[in-house]
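A.B. asks: start24.pdb is reproduced in full below (PDB, C-alpha atoms).
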MODEL        1
ATOM      1  CA  GLU A   3     -18.069   2.940  -5.345
ATOM      2  CA  ASP A   4     -14.294   3.327  -5.088
ATOM      3  CA  ASN A   5     -12.293   1.715  -2.319
ATOM      4  CA  LEU A   6      -8.670   2.253  -1.390
ATOM      5  CA  PHE A   7      -6.675  -0.361   0.486
ATOM      6  CA  ILE A   8      -3.107   0.271   1.563
ATOM      7  CA  PHE A   9      -0.812  -2.605   2.495
ATOM      8  CA  LEU A  10       2.617  -1.809   3.896
ATOM      9  CA  ALA A  11       5.449  -4.096   2.862
ATOM     10  CA  GLN A  12       9.054  -4.081   1.813
ATOM     11  CA  THR A  13      10.097  -6.250  -1.111
ATOM     12  CA  GLU A  14      12.234  -6.400  -4.224
ATOM     13  CA  GLN A  15       9.426  -8.083  -6.217
ATOM     14  CA  GLU A  16       7.332  -6.387  -8.864
ATOM     15  CA  PRO A  17       3.604  -6.135  -8.030
ATOM     16  CA  GLU A  18       1.424  -8.727  -9.735
ATOM     17  CA  VAL A  19      -2.346  -9.145  -9.643
ATOM     18  CA  LYS A  20      -3.377 -12.797  -9.774
ATOM     19  CA  LYS A  21      -6.738 -14.534  -9.948
ATOM     20  CA  ASN A  22      -8.246 -15.842  -6.734
ATOM     21  CA  ILE A  23      -7.523 -19.589  -6.805
ATOM     22  CA  GLU A  24     -10.964 -20.473  -5.424
ATOM     23  CA  SER A  25     -13.186 -18.163  -7.484
ATOM     24  CA  GLY A  26     -11.004 -17.789 -10.573
ATOM     25  CA  LEU A  27     -11.728 -14.048 -10.489
ATOM     26  CA  TYR A  28      -9.410 -11.070 -10.231
ATOM     27  CA  GLU A  29     -10.067  -9.263  -6.947
ATOM     28  CA  HIS A  30      -8.034  -6.139  -7.805
ATOM     29  CA  ASP A  31      -7.671  -3.936 -10.847
ATOM     30  CA  HIS A  32      -4.005  -3.120 -10.324
ATOM     31  CA  ALA A  33      -1.178  -2.823  -7.823
ATOM     32  CA  LYS A  34       1.595  -0.274  -7.585
ATOM     33  CA  TRP A  35       4.535   0.225  -5.236
ATOM     34  CA  LEU A  36       4.863   3.751  -3.883
ATOM     35  CA  SER A  37       7.512   5.526  -1.852
ATOM     36  CA  TRP A  38       6.492   7.036   1.466
ATOM     37  CA  GLU A  39       6.626  10.458  -0.144
ATOM     38  CA  GLN A  40       4.374   9.411  -3.038
ATOM     39  CA  MET A  41       1.931   7.731  -0.710
ATOM     40  CA  THR A  42       1.716  10.807   1.503
ATOM     41  CA  SER A  43       1.419  13.385  -1.256
ATOM     42  CA  ASP A  44      -0.815  11.425  -3.657
ATOM     43  CA  THR A  45      -3.558  10.428  -1.246
ATOM     44  CA  TYR A  46      -6.562  11.908   0.479
ATOM     45  CA  GLU A  47      -5.797  14.436   3.199
ATOM     46  CA  TYR A  48      -7.573  12.373   5.873
ATOM     47  CA  LEU A  49      -5.242   9.385   5.231
ATOM     48  CA  ARG A  50      -1.967  11.295   5.538
ATOM     49  CA  SER A  51      -1.680  11.142   9.321
ATOM     50  CA  SER A  52      -2.203   7.362   9.257
ATOM     51  CA  ILE A  53       0.484   6.928   6.593
ATOM     52  CA  LYS A  54       2.902   9.079   8.589
ATOM     53  CA  LYS A  55       2.199   7.026  11.725
ATOM     54  CA  ALA A  56       2.743   3.777   9.801
ATOM     55  CA  ARG A  57       6.076   5.112   8.559
ATOM     56  CA  GLU A  58       7.152   5.901  12.130
ATOM     57  CA  ILE A  59       6.227   2.371  13.249
ATOM     58  CA  VAL A  60       8.099   0.760  10.341
ATOM     59  CA  TYR A  61      11.236   2.815  11.054
ATOM     60  CA  GLU A  62      11.033   1.962  14.773
ATOM     61  CA  VAL A  63      10.867  -1.768  13.981
ATOM     62  CA  GLU A  64      13.718  -1.529  11.465
ATOM     63  CA  ASN A  65      15.942   0.224  14.009
ATOM     64  CA  CYS A  66      15.360  -2.199  16.895
TER      65      CYS A  66
ENDMDL
END
Could you write out this structure as structure tokens?
C.D. replies:
Amino acid sequence: EDNLFIFLAQTEQEPEVKKNIESGLYEHDHAKWLSWEQMTSDTYEYLRSSIKKAREIVYEVENC
């Protein structure tokens, strides 16, 4: 079963997958930063409206 989780953040850091400090296991296979355009075009159709709404919210907060 494949799962997709999207976390919105702004940072200058490179993504890094670390082991869980309690279990000692990796909880993710990989991480990748995407632009809004990449995220919108490279995802499932049913997620696009949510990504667009998130972008609107982020821009509203940034411009307050």
A.B. asks: What's the separation between atom CA of A:Glu14 and atom CA of A:Glu64, in Å to one decimal place?
C.D. replies: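 Between these atoms lies a distance of 16.5 Å.
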A.B. asks: Residues at most 12 Å from A:Gln12, counting all atoms listed in the file, excluding those fewer than 6 positions away in the same chain, as a list in words?
C.D. replies: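 Neighbouring residues, sequence-local ones excluded: Trp35, Leu36, Ser37, Trp38, Arg57, Val60, Tyr61 and Glu64 of chain A.
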A.B. asks: Please compute the atom CA of A:Val63-atom CA of A:Glu47 distance, one decimal, in Å.
C.D. replies: 25.6 Å
A.B. asks: Enclose stretch 24-27 of chain A, meaning all of its atoms listed in the file, in a box aligned along x, y and z, pad it by 5 Å on each side, and list the centre and edge lengths in Å to one decimal, as lines of an AutoDock Vina configuration file.
C.D. replies:
center_x = -12.1
center_y = -17.3
center_z = -8.0
size_x = 12.2
size_y = 16.4
size_z = 15.1
A.B. asks: Report the distance between atom CA of A:Thr45 and atom CA of A:Phe7 in Å, rounded to one decimal place.
C.D. replies: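 If I compute the distance from atom CA of A:Thr45 to atom CA of A:Phe7, I get 11.4 Å.
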A.B. asks: For A:Ala56, list every protein, DNA or RNA residue within 12 Å, evaluated using all atoms listed in the file, and leave out those in the same chain fewer than 5 positions away; present the list as a ChimeraX atom specification.
C.D. replies: /A:8-11,38,41-42,49-51,61-63
